[in-house]
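Undergrad: So here's protein-v4.tsv, just TSV, C-alpha atoms:
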```
chain	number	residue	atom	x	y	z
Q	27	MET	CA	-16.20	11.02	-4.95
Q	28	SER	CA	-13.10	13.19	-5.14
Q	29	ARG	CA	-9.77	12.24	-6.64
Q	30	SER	CA	-8.10	12.08	-3.20
Q	31	ASP	CA	-10.66	9.47	-2.08
Q	32	VAL	CA	-9.32	7.01	-4.63
Q	33	LEU	CA	-5.79	8.18	-5.45
Q	34	VAL	CA	-2.93	9.12	-3.12
Q	35	ASP	CA	0.57	10.33	-3.81
Q	36	ALA	CA	3.86	9.00	-2.48
Q	37	ASP	CA	4.12	11.60	0.28
Q	38	TRP	CA	0.70	10.56	1.59
Q	39	VAL	CA	1.84	6.94	1.73
Q	40	GLN	CA	5.24	7.78	3.17
Q	41	ALA	CA	3.55	9.58	6.09
Q	42	ARG	CA	1.39	6.53	6.88
Q	43	LEU	CA	3.81	3.62	6.54
Q	44	ASP	CA	3.46	2.83	10.25
Q	45	ASP	CA	-0.29	3.41	10.49
Q	46	PRO	CA	-1.78	-0.02	11.31
Q	47	LYS	CA	-5.12	0.96	9.74
Q	48	VAL	CA	-3.52	1.77	6.41
Q	49	VAL	CA	-2.54	-1.40	4.57
Q	50	ILE	CA	-0.14	-0.98	1.67
Q	51	VAL	CA	-0.53	-3.81	-0.86
Q	52	GLU	CA	1.81	-4.53	-3.78
Q	53	VAL	CA	0.33	-6.27	-6.83
Q	54	ASP	CA	2.71	-6.84	-9.74
Q	55	GLU	CA	2.63	-8.48	-13.14
Q	56	ASP	CA	6.03	-9.85	-12.14
Q	57	THR	CA	4.87	-11.64	-9.03
Q	58	ALA	CA	8.46	-12.02	-7.82
Q	59	ALA	CA	9.10	-8.26	-7.75
Q	60	TYR	CA	7.90	-8.07	-4.15
Q	61	ASP	CA	10.56	-10.58	-3.10
Q	62	LYS	CA	13.28	-8.30	-4.45
Q	63	ASN	CA	12.03	-5.37	-2.42
Q	64	HIS	CA	8.87	-3.41	-1.68
Q	65	ILE	CA	7.56	-0.41	0.20
Q	66	ARG	CA	8.11	-0.87	3.92
Q	67	ASN	CA	5.22	-2.67	5.64
Q	68	ALA	CA	3.59	-3.54	2.32
Q	69	VAL	CA	2.00	-6.95	1.94
Q	70	ARG	CA	1.73	-8.79	-1.38
Q	71	ILE	CA	-1.25	-10.01	-3.35
Q	72	ASP	CA	-0.29	-12.34	-6.18
Q	73	TRP	CA	-2.63	-11.68	-9.11
Q	74	LYS	CA	-2.16	-15.22	-10.41
Q	75	LYS	CA	-2.18	-17.36	-7.28
Q	76	ASP	CA	-4.36	-15.22	-5.03
Q	77	LEU	CA	-6.91	-13.64	-7.35
Q	78	GLN	CA	-7.68	-16.40	-9.88
Q	79	ASP	CA	-9.77	-19.53	-9.49
Q	80	PRO	CA	-7.20	-22.37	-9.48
Q	81	VAL	CA	-9.15	-24.53	-11.96
Q	82	ARG	CA	-11.57	-22.71	-14.27
Q	83	ARG	CA	-11.04	-19.33	-15.89
Q	84	ASP	CA	-12.66	-16.93	-13.47
Q	85	PHE	CA	-11.60	-14.99	-10.49
Q	86	ILE	CA	-12.00	-15.97	-6.86
Q	87	ASP	CA	-15.50	-15.89	-5.45
Q	88	GLN	CA	-16.78	-13.96	-2.45
Q	89	ALA	CA	-15.67	-16.61	0.06
Q	90	GLY	CA	-12.27	-16.77	-1.60
Q	91	PHE	CA	-11.86	-13.00	-1.38
Q	92	GLU	CA	-12.85	-13.10	2.30
Q	93	ALA	CA	-10.30	-15.82	3.00
Q	94	LEU	CA	-7.59	-13.95	1.10
Q	95	LEU	CA	-8.05	-10.64	2.86
Q	96	SER	CA	-8.44	-12.31	6.25
Q	97	ALA	CA	-5.13	-14.13	5.73
Q	98	LYS	CA	-3.43	-10.91	4.62
Q	99	GLY	CA	-4.52	-9.19	7.82
Q	100	ILE	CA	-6.82	-6.71	6.08
Q	101	ALA	CA	-9.92	-5.63	8.00
Q	102	ASN	CA	-13.12	-4.21	6.57
Q	103	ASP	CA	-12.42	-0.78	8.07
Q	104	ASP	CA	-8.80	-0.59	6.89
Q	105	THR	CA	-7.71	1.87	4.25
Q	106	VAL	CA	-6.09	-0.20	1.51
Q	107	VAL	CA	-3.52	1.44	-0.76
Q	108	LEU	CA	-2.63	-0.61	-3.82
Q	109	TYR	CA	0.47	-0.14	-5.92
Q	110	GLY	CA	2.48	-2.15	-8.41
Q	111	GLY	CA	4.76	-2.17	-11.39
Q	112	ASN	CA	3.81	-1.61	-15.01
Q	113	ASN	CA	2.18	1.72	-14.20
Q	114	ASN	CA	-0.25	0.10	-11.76
Q	115	TRP	CA	-1.82	-2.27	-14.29
Q	116	PHE	CA	-2.31	-5.09	-11.82
Q	117	ALA	CA	-2.82	-2.77	-8.87
Q	118	SER	CA	-5.74	-1.32	-10.85
Q	119	TYR	CA	-6.95	-4.85	-11.53
Q	120	ALA	CA	-6.84	-5.60	-7.78
Q	121	TYR	CA	-8.55	-2.26	-7.08
Q	122	TRP	CA	-11.39	-3.37	-9.31
Q	123	TYR	CA	-11.68	-6.61	-7.28
Q	124	PHE	CA	-11.76	-4.67	-4.03
Q	125	LYS	CA	-14.61	-2.54	-5.41
Q	126	LEU	CA	-16.35	-5.57	-6.88
Q	127	TYR	CA	-16.44	-7.15	-3.43
Q	128	GLY	CA	-17.40	-3.91	-1.74
Q	129	HIS	CA	-14.35	-2.80	0.22
Q	130	GLY	CA	-15.06	0.59	1.77
Q	131	ASP	CA	-11.82	2.52	1.42
Q	132	VAL	CA	-9.38	1.49	-1.28
Q	133	ARG	CA	-6.99	3.77	-3.16
Q	134	LEU	CA	-4.19	3.61	-5.70
Q	135	LEU	CA	-0.71	4.99	-5.13
Q	136	ASP	CA	-0.30	7.44	-8.03
Q	137	GLY	CA	2.57	6.29	-10.22
Q	138	GLY	CA	2.87	2.97	-8.43
Q	139	ARG	CA	6.17	1.25	-7.95
Q	140	LYS	CA	7.83	3.03	-10.85
Q	141	LYS	CA	7.31	6.54	-9.51
Q	142	TRP	CA	8.41	5.38	-6.06
Q	143	GLU	CA	11.61	3.96	-7.59
Q	144	LEU	CA	12.28	6.94	-9.85
Q	145	ASP	CA	11.99	9.15	-6.77
Q	146	SER	CA	14.62	6.89	-5.10
Q	147	ARG	CA	12.36	6.27	-2.12
Q	148	GLU	CA	13.07	3.53	0.41
Q	149	LEU	CA	12.37	-0.09	-0.52
Q	150	VAL	CA	12.98	-2.97	1.88
Q	151	VAL	CA	13.18	-6.75	1.85
Q	152	GLU	CA	11.62	-7.42	5.27
Q	153	GLN	CA	8.07	-8.65	5.13
Q	154	PRO	CA	5.56	-7.38	7.70
Q	155	GLN	CA	3.54	-9.67	9.94
Q	156	ARG	CA	-0.12	-8.72	10.15
Q	157	ALA	CA	-2.52	-10.60	12.41
Q	158	ALA	CA	-5.27	-12.43	10.54
Q	159	THR	CA	-8.71	-10.82	10.43
Q	160	GLN	CA	-12.29	-11.97	9.87
Q	161	TYR	CA	-12.95	-10.12	6.61
Q	162	THR	CA	-16.50	-9.98	5.28
Q	163	ALA	CA	-16.97	-9.27	1.58
Q	164	GLN	CA	-20.09	-8.10	-0.22
Q	165	PRO	CA	-21.65	-10.12	-3.05
Q	166	ALA	CA	-19.90	-9.39	-6.34
Q	167	ASP	CA	-21.08	-6.12	-7.90
Q	168	SER	CA	-21.98	-7.14	-11.45
Q	169	SER	CA	-22.54	-3.52	-12.46
Q	170	ILE	CA	-18.81	-3.06	-13.04
Q	171	ARG	CA	-18.05	-6.35	-14.81
Q	172	ALA	CA	-18.85	-7.17	-18.44
Q	173	PHE	CA	-19.07	-10.64	-19.98
Q	174	ARG	CA	-18.62	-11.71	-23.58
Q	175	ASP	CA	-22.31	-11.48	-24.48
Q	176	ASP	CA	-22.41	-7.95	-23.10
Q	177	VAL	CA	-19.59	-7.07	-25.49
Q	178	ILE	CA	-21.28	-8.66	-28.51
Q	179	ASP	CA	-24.52	-6.83	-27.67
Q	180	ALA	CA	-22.58	-3.57	-27.33
Q	181	ILE	CA	-21.21	-3.65	-30.88
Q	182	GLY	CA	-22.44	-0.55	-32.66
Q	183	THR	CA	-24.62	0.56	-29.73
Q	184	LEU	CA	-22.52	1.23	-26.62
Q	185	ASN	CA	-19.00	2.60	-26.17
Q	186	LEU	CA	-16.39	-0.09	-26.55
Q	187	VAL	CA	-12.94	1.11	-25.56
Q	188	ASP	CA	-10.01	-1.08	-26.57
Q	189	VAL	CA	-7.14	0.09	-24.37
Q	190	ARG	CA	-4.41	-2.03	-25.95
Q	191	SER	CA	-1.58	-0.53	-27.95
Q	192	PRO	CA	-2.32	0.51	-31.58
Q	193	ASP	CA	-0.42	-2.53	-32.90
Q	194	GLU	CA	-2.52	-4.93	-30.83
Q	195	PHE	CA	-5.71	-3.12	-31.86
Q	196	SER	CA	-4.87	-3.31	-35.56
Q	197	GLY	CA	-3.88	-6.96	-35.30
Q	198	LYS	CA	-0.14	-6.56	-35.89
Q	199	LEU	CA	0.63	-7.82	-32.38
Q	200	LEU	CA	-1.24	-10.33	-30.25
Q	201	ALA	CA	0.19	-9.38	-26.89
Q	202	PRO	CA	2.02	-6.48	-25.27
Q	203	ALA	CA	5.49	-6.26	-26.73
Q	204	HIS	CA	7.26	-7.38	-23.57
Q	205	LEU	CA	5.63	-10.81	-23.96
Q	206	PRO	CA	6.19	-13.51	-26.59
Q	207	GLN	CA	3.65	-13.31	-29.42
Q	208	GLU	CA	2.63	-16.96	-29.67
Q	209	GLN	CA	-1.09	-16.96	-28.87
Q	210	SER	CA	-3.98	-19.05	-30.07
Q	211	GLN	CA	-6.52	-16.28	-30.56
Q	212	ARG	CA	-7.19	-14.31	-33.75
Q	213	PRO	CA	-5.73	-10.80	-33.99
Q	214	GLY	CA	-7.81	-7.66	-34.27
Q	215	HIS	CA	-10.47	-5.87	-32.26
Q	216	VAL	CA	-14.21	-5.80	-31.56
Q	217	PRO	CA	-16.02	-3.93	-34.35
Q	218	SER	CA	-16.97	-0.36	-33.39
Q	219	ALA	CA	-14.40	-0.27	-30.57
Q	220	LYS	CA	-12.33	2.88	-30.24
Q	221	ASN	CA	-8.62	2.41	-29.61
Q	222	ILE	CA	-7.69	4.60	-26.66
Q	223	PRO	CA	-4.54	2.99	-25.26
Q	224	TRP	CA	-4.34	2.93	-21.47
Q	225	ALA	CA	-1.03	4.82	-21.68
Q	226	LYS	CA	-2.87	7.96	-22.80
Q	227	ASN	CA	-4.26	8.15	-19.27
Q	228	ALA	CA	-0.83	8.41	-17.70
Q	229	ASN	CA	2.33	10.44	-17.73
Q	230	ASP	CA	5.71	8.81	-18.41
Q	231	ASP	CA	6.30	8.39	-14.67
Q	232	GLY	CA	3.07	6.43	-14.33
Q	233	THR	CA	1.04	9.13	-12.57
Q	234	PHE	CA	-2.43	9.80	-13.89
Q	235	LYS	CA	-3.14	12.89	-15.96
Q	236	SER	CA	-5.42	15.54	-14.50
Q	237	ASP	CA	-9.18	15.10	-14.56
Q	238	ASP	CA	-9.47	17.86	-17.15
Q	239	GLU	CA	-6.88	16.21	-19.39
Q	240	LEU	CA	-8.59	12.84	-19.03
Q	241	LYS	CA	-12.01	14.25	-19.80
Q	242	ALA	CA	-10.61	16.03	-22.85
Q	243	LEU	CA	-8.95	12.79	-24.01
Q	244	TYR	CA	-12.17	10.80	-24.08
Q	245	GLU	CA	-14.19	13.65	-25.56
Q	246	ALA	CA	-11.61	14.13	-28.30
Q	247	GLU	CA	-11.79	10.43	-29.12
Q	248	GLY	CA	-15.55	10.72	-29.50
Q	249	VAL	CA	-16.59	8.74	-26.44
Q	250	ASP	CA	-19.99	9.92	-25.25
Q	251	LEU	CA	-19.67	9.31	-21.53
Q	252	ALA	CA	-23.44	9.51	-21.11
Q	253	THR	CA	-23.61	6.19	-22.98
Q	254	ASP	CA	-22.65	2.96	-21.21
Q	255	THR	CA	-19.02	1.96	-21.73
Q	256	ILE	CA	-17.18	-1.35	-21.73
Q	257	ALA	CA	-13.39	-1.32	-21.57
Q	258	TYR	CA	-11.26	-4.29	-22.56
Q	259	CYS	CA	-7.66	-5.20	-23.28
Q	260	ARG	CA	-5.98	-8.62	-23.44
Q	261	ILE	CA	-6.67	-10.11	-20.01
Q	262	GLY	CA	-8.46	-7.27	-18.23
Q	263	GLU	CA	-5.73	-5.58	-16.23
Q	264	ARG	CA	-4.94	-2.62	-18.50
Q	265	SER	CA	-8.67	-2.08	-19.00
Q	266	ALA	CA	-9.05	-2.10	-15.20
Q	267	LEU	CA	-6.78	0.96	-15.25
Q	268	THR	CA	-9.03	2.65	-17.81
Q	269	TRP	CA	-12.06	1.55	-15.77
Q	270	PHE	CA	-10.40	3.27	-12.77
Q	271	VAL	CA	-9.99	6.45	-14.80
Q	272	LEU	CA	-13.55	6.53	-16.09
Q	273	HIS	CA	-15.43	5.12	-13.10
Q	274	GLU	CA	-13.36	6.41	-10.18
Q	275	LEU	CA	-11.54	9.55	-11.34
Q	276	LEU	CA	-14.17	10.85	-13.75
Q	277	ASP	CA	-17.05	9.41	-11.70
Q	278	GLN	CA	-18.81	7.73	-14.63
Q	279	GLN	CA	-20.90	4.99	-13.02
Q	280	ASN	CA	-21.94	3.34	-16.30
Q	281	VAL	CA	-18.55	1.78	-17.06
Q	282	LYS	CA	-17.69	-1.93	-16.96
Q	283	ASN	CA	-14.45	-3.83	-17.29
Q	284	TYR	CA	-14.49	-6.90	-19.57
Q	285	ASP	CA	-11.90	-9.09	-17.89
Q	286	GLY	CA	-12.31	-11.90	-20.41
Q	287	SER	CA	-10.91	-9.36	-22.88
Q	288	TRP	CA	-9.09	-10.31	-26.07
Q	289	THR	CA	-7.84	-13.70	-24.89
Q	290	GLU	CA	-11.51	-14.70	-24.65
Q	291	TYR	CA	-13.11	-12.66	-27.43
Q	292	GLY	CA	-10.35	-13.42	-29.93
Q	293	SER	CA	-10.87	-17.15	-29.32
Q	294	LEU	CA	-14.67	-17.19	-29.73
Q	295	VAL	CA	-16.09	-19.00	-32.74
Q	296	GLY	CA	-18.21	-16.90	-35.07
Q	297	VAL	CA	-17.98	-13.47	-33.49
Q	298	PRO	CA	-17.17	-10.46	-35.67
Q	299	ILE	CA	-13.61	-9.14	-35.67
Q	300	GLU	CA	-12.15	-6.11	-37.38
Q	301	LEU	CA	-8.55	-5.67	-38.48
Q	302	GLY	CA	-6.62	-2.49	-39.10
Q	303	ASN	CA	-6.94	0.97	-37.67
W	16	MET	CA	25.22	-4.97	-7.35
W	17	CYS	CA	26.36	-7.21	-10.17
W	18	GLY	CA	28.20	-5.58	-13.03
W	19	ALA	CA	26.45	-4.64	-16.25
W	20	LYS	CA	26.16	-7.33	-18.89
W	21	ALA	CA	26.65	-6.38	-22.50
W	22	GLY	CA	23.67	-7.07	-24.74
W	23	GLY	CA	20.22	-8.27	-23.81
W	24	PRO	CA	19.03	-11.18	-21.70
W	25	ASP	CA	19.85	-14.78	-22.59
W	26	LEU	CA	17.89	-15.97	-25.65
W	27	ALA	CA	17.80	-19.64	-24.63
W	28	GLY	CA	14.32	-21.02	-25.23
W	29	VAL	CA	13.19	-18.05	-27.35
W	30	ASP	CA	11.89	-18.70	-30.87
W	31	VAL	CA	14.15	-16.10	-32.45
W	32	ALA	CA	13.21	-16.99	-36.04
W	33	ASN	CA	9.57	-16.08	-35.47
W	34	GLU	CA	10.02	-13.14	-33.12
W	35	THR	CA	11.15	-9.57	-33.70
W	36	ILE	CA	13.33	-8.94	-30.70
W	37	ILE	CA	14.67	-5.64	-29.43
W	38	GLN	CA	16.88	-5.98	-26.40
W	39	GLY	CA	19.87	-4.48	-24.68
W	40	SER	CA	21.04	-2.87	-21.51
W	41	VAL	CA	20.95	0.45	-19.67
W	42	THR	CA	24.07	1.66	-17.94
W	43	ARG	CA	25.45	4.69	-16.16
W	44	ASN	CA	29.25	4.89	-16.03
W	45	GLU	CA	29.25	1.29	-17.26
W	46	GLU	CA	27.27	0.14	-14.23
W	47	PRO	CA	23.73	-1.26	-14.65
W	48	VAL	CA	20.90	1.08	-13.77
W	49	ASN	CA	17.63	0.08	-12.17
W	50	GLY	CA	14.95	1.78	-14.16
W	51	TYR	CA	12.47	1.25	-16.96
W	52	VAL	CA	12.53	1.05	-20.74
W	53	ARG	CA	9.51	2.06	-22.82
W	54	LEU	CA	8.86	0.98	-26.38
W	55	LEU	CA	7.14	3.62	-28.51
W	56	ASP	CA	5.88	3.02	-32.05
W	57	GLU	CA	6.63	5.18	-35.09
W	58	ASN	CA	3.88	7.58	-34.01
W	59	GLY	CA	5.31	7.90	-30.54
W	60	GLU	CA	2.51	5.79	-29.03
W	61	PHE	CA	3.34	3.66	-26.01
W	62	THR	CA	3.56	-0.03	-26.87
W	63	ALA	CA	5.24	-1.66	-23.87
W	64	GLU	CA	7.45	-1.04	-20.89
W	65	VAL	CA	9.72	-3.27	-18.83
W	66	PRO	CA	11.86	-2.75	-15.75
W	67	THR	CA	15.56	-3.34	-16.28
W	68	SER	CA	17.00	-6.46	-14.68
W	69	ALA	CA	19.60	-6.42	-11.92
W	70	THR	CA	22.19	-6.41	-14.68
W	71	GLY	CA	20.51	-3.52	-16.49
W	72	GLN	CA	19.02	-5.63	-19.29
W	73	PHE	CA	15.69	-5.45	-21.11
W	74	ARG	CA	13.87	-7.19	-23.98
W	75	PHE	CA	10.83	-6.58	-26.18
W	76	PHE	CA	9.00	-8.80	-28.63
W	77	ALA	CA	7.96	-6.27	-31.25
W	78	ARG	CA	7.19	-6.33	-34.97
W	79	PRO	CA	9.40	-5.31	-37.85
W	80	GLY	CA	9.75	-1.56	-38.21
W	81	LYS	CA	10.94	1.64	-36.59
W	82	TRP	CA	10.70	2.01	-32.84
W	83	THR	CA	11.81	4.40	-30.13
W	84	LEU	CA	13.27	3.08	-26.88
W	85	ARG	CA	12.90	5.44	-23.93
W	86	ALA	CA	14.96	4.69	-20.84
W	87	LEU	CA	13.53	6.14	-17.62
W	88	VAL	CA	15.93	6.08	-14.68
W	89	PRO	CA	16.19	8.24	-11.57
W	90	GLY	CA	17.13	11.70	-12.80
W	91	ALA	CA	17.33	10.95	-16.52
W	92	THR	CA	15.32	10.09	-19.62
W	93	VAL	CA	17.10	8.94	-22.80
W	94	ASP	CA	15.56	8.09	-26.20
W	95	ARG	CA	17.09	5.80	-28.84
W	96	GLN	CA	15.71	5.05	-32.32
W	97	VAL	CA	15.93	1.48	-33.62
W	98	VAL	CA	14.83	-0.53	-36.64
W	99	ALA	CA	13.77	-4.11	-35.85
W	100	THR	CA	13.66	-7.11	-38.19
W	101	GLN	CA	11.88	-10.42	-37.76
W	102	GLY	CA	14.19	-13.35	-37.17
W	103	GLU	CA	16.95	-11.17	-35.82
W	104	PHE	CA	17.52	-9.56	-32.50
W	105	THR	CA	18.34	-5.89	-32.37
W	106	GLU	CA	20.84	-5.08	-29.62
W	107	VAL	CA	20.77	-1.61	-28.12
W	108	ALA	CA	23.15	-0.29	-25.48
W	109	ILE	CA	21.75	2.78	-23.71
W	110	ALA	CA	24.12	4.87	-21.62
W	111	VAL	CA	22.42	7.47	-19.43
```
What is this structure when it is put down as structure tokens?

TA:
Amino acid sequence: MSRSDVLVDADWVQARLDDPKVVIVEVDEDTAAYDKNHIRNAVRIDWKKDLQDPVRRDFIDQAGFEALLSAKGIANDDTVVLYGGNNNWFASYAYWYFKLYGHGDVRLLDGGRKKWELDSRELVVEQPQRAATQYTAQPADSSIRAFRDDVIDAIGTLNLVDVRSPDEFSGKLLAPAHLPQEQSQRPGHVPSAKNIPWAKNANDDGTFKSDDELKALYEAEGVDLATDTIAYCRIGERSALTWFVLHELLDQQNVKNYDGSWTEYGSLVGVPIELGN
Amino acid sequence: MCGAKAGGPDLAGVDVANETIIQGSVTRNEEPVNGYVRLLDENGEFTAEVPTSATGQFRFFARPGKWTLRALVPGATVDRQVVATQGEFTEVAIAV
């Protein structure tokens, strides 16, 4: 799979804003950002309301994903382009869902909302109307999702990549620094995990670094890509971005995202935790 | 566009005593700028990023120590060094 199959730039999107078979989807950490403005003809997916099970901690099942995409007017043969704020954290998270449920053609807008804004490109308030579809999802692909026991079993044997900031990894912070720090879980990281913050994958404007730079990054950090890898962060969205880099850009098929991440692992009774660098 | 507001966002409801807050505003010719502010640690590593509000304001919940704020706005990037202390809020005005 080539980079252009999974990643498009702003000019590519700009040229297809009126193409009915290209669906632009905004997914933001700040779920109200879309209301302020968005790329013309973009629809919204709300990562909290639309992608999470409303009762238990898990994400929506196959039927739920089918209902969501049908209601959003997304067809199985549409090209879906995801973008969002925070350097595409939650757009990457949604991308991972689309792959998990087998969507054929899904891509990220390189740089996401930030690059679009910094380029002073058009943003509008009007929301598009797309006719509902009959979307059919595939059963969830468990080969790209890790659970807590997978992580415990991986300690000291597989690659564990903690993509949080150095202060979260060492235990000095419990959450990204734009969020309040009151959390119930213990600070620290999974023993044997390497701290390769997600931000090392991206330039300041949110665009991804080149494949060569990305490959060099993981090699320099001592990650043997021939060995299976599990990426995690706090709730699984930043690690979805690293999963995108490893699995989609660098074409490493043996990479999973642990969406339970630190809010689950750091709350487990009896599991090993390391502090410090 | 609303005018720029001096200082950071309202602290109502925030546990200031237990947080280490860095906040402020980004302006151009005293008008708020829509853009982003990055928080980098003492090694220059990315720690967090927020978009500025409609009034140009931003806030981080950090830890005590030295930090770099990097404002990214259309056509400009500006860095500011700050030292944050727990129980206080560090106000930073960034003009670009």

Undergrad: Do you know which residues are at most 7 Å from stretch 144-156 of chain Q counting only C-alpha atoms, after dropping those on the same chain fewer than 2 positions away, and could you put them as an mmCIF file with C-alpha atoms, in the frame of the given file?

TA:
```cif
data_model
loop_
_atom_site.group_PDB
_atom_site.id
_atom_site.type_symbol
_atom_site.label_atom_id
_atom_site.label_comp_id
_atom_site.auth_asym_id
_atom_site.auth_seq_id
_atom_site.Cartn_x
_atom_site.Cartn_y
_atom_site.Cartn_z
ATOM 1 C CA ASP Q 61 10.560 -10.580 -3.100
ATOM 2 C CA LYS Q 62 13.280 -8.300 -4.450
ATOM 3 C CA ASN Q 63 12.030 -5.370 -2.420
ATOM 4 C CA HIS Q 64 8.870 -3.410 -1.680
ATOM 5 C CA ILE Q 65 7.560 -0.410 0.200
ATOM 6 C CA ARG Q 66 8.110 -0.870 3.920
ATOM 7 C CA ASN Q 67 5.220 -2.670 5.640
ATOM 8 C CA ALA Q 68 3.590 -3.540 2.320
ATOM 9 C CA VAL Q 69 2.000 -6.950 1.940
ATOM 10 C CA LYS Q 98 -3.430 -10.910 4.620
ATOM 11 C CA GLY Q 99 -4.520 -9.190 7.820
ATOM 12 C CA LYS Q 140 7.830 3.030 -10.850
ATOM 13 C CA LYS Q 141 7.310 6.540 -9.510
ATOM 14 C CA TRP Q 142 8.410 5.380 -6.060
ATOM 15 C CA ALA Q 158 -5.270 -12.430 10.540
ATOM 16 C CA VAL W 88 15.930 6.080 -14.680
ATOM 17 C CA PRO W 89 16.190 8.240 -11.570
#
```

Undergrad: Might you pull out every residue within 8 Å of Q:Trp269, with only C-alpha atoms counted and same-chain residues fewer than 5 positions away left off, and present them as an MDAnalysis selection string?

TA: chainID Q and resid 257 274 281:283

Undergrad: Between Q:Ala203, Q:Ala120, Q:Ala166, Q:Ile178, which is the closest to chain W once you count all atoms listed in the file?

TA: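 The answer is Q:Ala203, which sits nearest to chain W.
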
Undergrad: Using all atoms listed in the file, which residue out of W:Ala27, W:Val52, W:Ile37, W:Val111 lies closest to W:Phe76?

TA: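 Smallest separation from W:Phe76 among the options: W:Ile37.
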
Undergrad: From the list Q:Cys259, Q:Leu199, Q:Val81, Q:Ala36, which residue is nearest chain W when using only C-alpha atoms?

TA: Q:Leu199

Undergrad: At a cut-off of 9 Å, using only C-alpha atoms, what residues contact Q:Pro206? Leave out same-chain residues fewer than 3 positions from it and give the result as a PyMOL selection string.

TA: (chain Q and resi 200-203+209) or (chain W and resi 29-30+34+75-77)

Undergrad: Need to verify the contact set: stretch 179-182 of chain Q, 12 Å, all atoms listed in the file, exclusion of same-chain residues closer than 6 positions in sequence. Can you return it as number ranges by chain?

TA: Q: 172-173, 215-220, 253-257, 282, 284, 297-300

Undergrad: If we draw a sphere of 12 Å around (-16.3, 12.9, -11.8), which residues have at least one atom in it when counting all atoms listed in the file? Please report them as a compact mmCIF listing (two decimals) with C-alpha atoms, in the coordinates of the input.

TA:
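Result file follows (part_9.txt):
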```txt
# COMPACT_ATOMS: atom_id res chain seq x y z
CA MET Q 27 -16.20 11.02 -4.95
CA SER Q 28 -13.10 13.19 -5.14
CA ARG Q 29 -9.77 12.24 -6.64
CA SER Q 30 -8.10 12.08 -3.20
CA ASP Q 31 -10.66 9.47 -2.08
CA VAL Q 32 -9.32 7.01 -4.63
CA SER Q 236 -5.42 15.54 -14.50
CA ASP Q 237 -9.18 15.10 -14.56
CA ASP Q 238 -9.47 17.86 -17.15
CA LEU Q 240 -8.59 12.84 -19.03
CA LYS Q 241 -12.01 14.25 -19.80
CA LEU Q 251 -19.67 9.31 -21.53
CA PHE Q 270 -10.40 3.27 -12.77
CA VAL Q 271 -9.99 6.45 -14.80
CA LEU Q 272 -13.55 6.53 -16.09
CA HIS Q 273 -15.43 5.12 -13.10
CA GLU Q 274 -13.36 6.41 -10.18
CA LEU Q 275 -11.54 9.55 -11.34
CA LEU Q 276 -14.17 10.85 -13.75
CA ASP Q 277 -17.05 9.41 -11.70
CA GLN Q 278 -18.81 7.73 -14.63
CA GLN Q 279 -20.90 4.99 -13.02
CA ASN Q 280 -21.94 3.34 -16.30
```

Undergrad: Could you please determine the separation between atom CA of Q:Glu92 and atom CA of Q:Gly262 in Å, to one decimal place?

TA: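 Atom-to-atom, atom CA of Q:Glu92 to atom CA of Q:Gly262, that is 21.8 Å.
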
Undergrad: Show me, as a ChimeraX atom specification, the residues of chain W whose atoms get within 10 Å of chain Q, using all atoms listed in the file for the distance check.

TA: /W:29-30,33-37,49-51,53-56,58,60-66,69,73-79,85,87-92

Undergrad: For Q:Gly138, which residue out of Q:Phe234, Q:Phe85, Q:Phe91, Q:Tyr123 is the nearest one, using only C-alpha atoms?

TA: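 Using only C-alpha atoms, Q:Gly138 sits closest to Q:Phe234.
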
Undergrad: Could you jot down the atom CA of Q:Asp188 to atom CA of Q:Gly302 separation for me, Å, one decimal place?

TA: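 Between these atoms lies a distance of 13.1 Å.
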
Undergrad: For the atom pair atom CA of W:Ser40 and atom CA of W:Leu84, what is the interatomic distance in Å to one decimal place?

TA: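 Computing the Euclidean distance for atom CA of W:Ser40 and atom CA of W:Leu84 yields 11.2 Å.
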
Undergrad: Which is closer to W:Asp94 than all the others in W:Glu57, W:Gly39, W:Gln72, W:Ile109, using only C-alpha atoms?

TA: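 Using only C-alpha atoms, W:Asp94 sits closest to W:Ile109.
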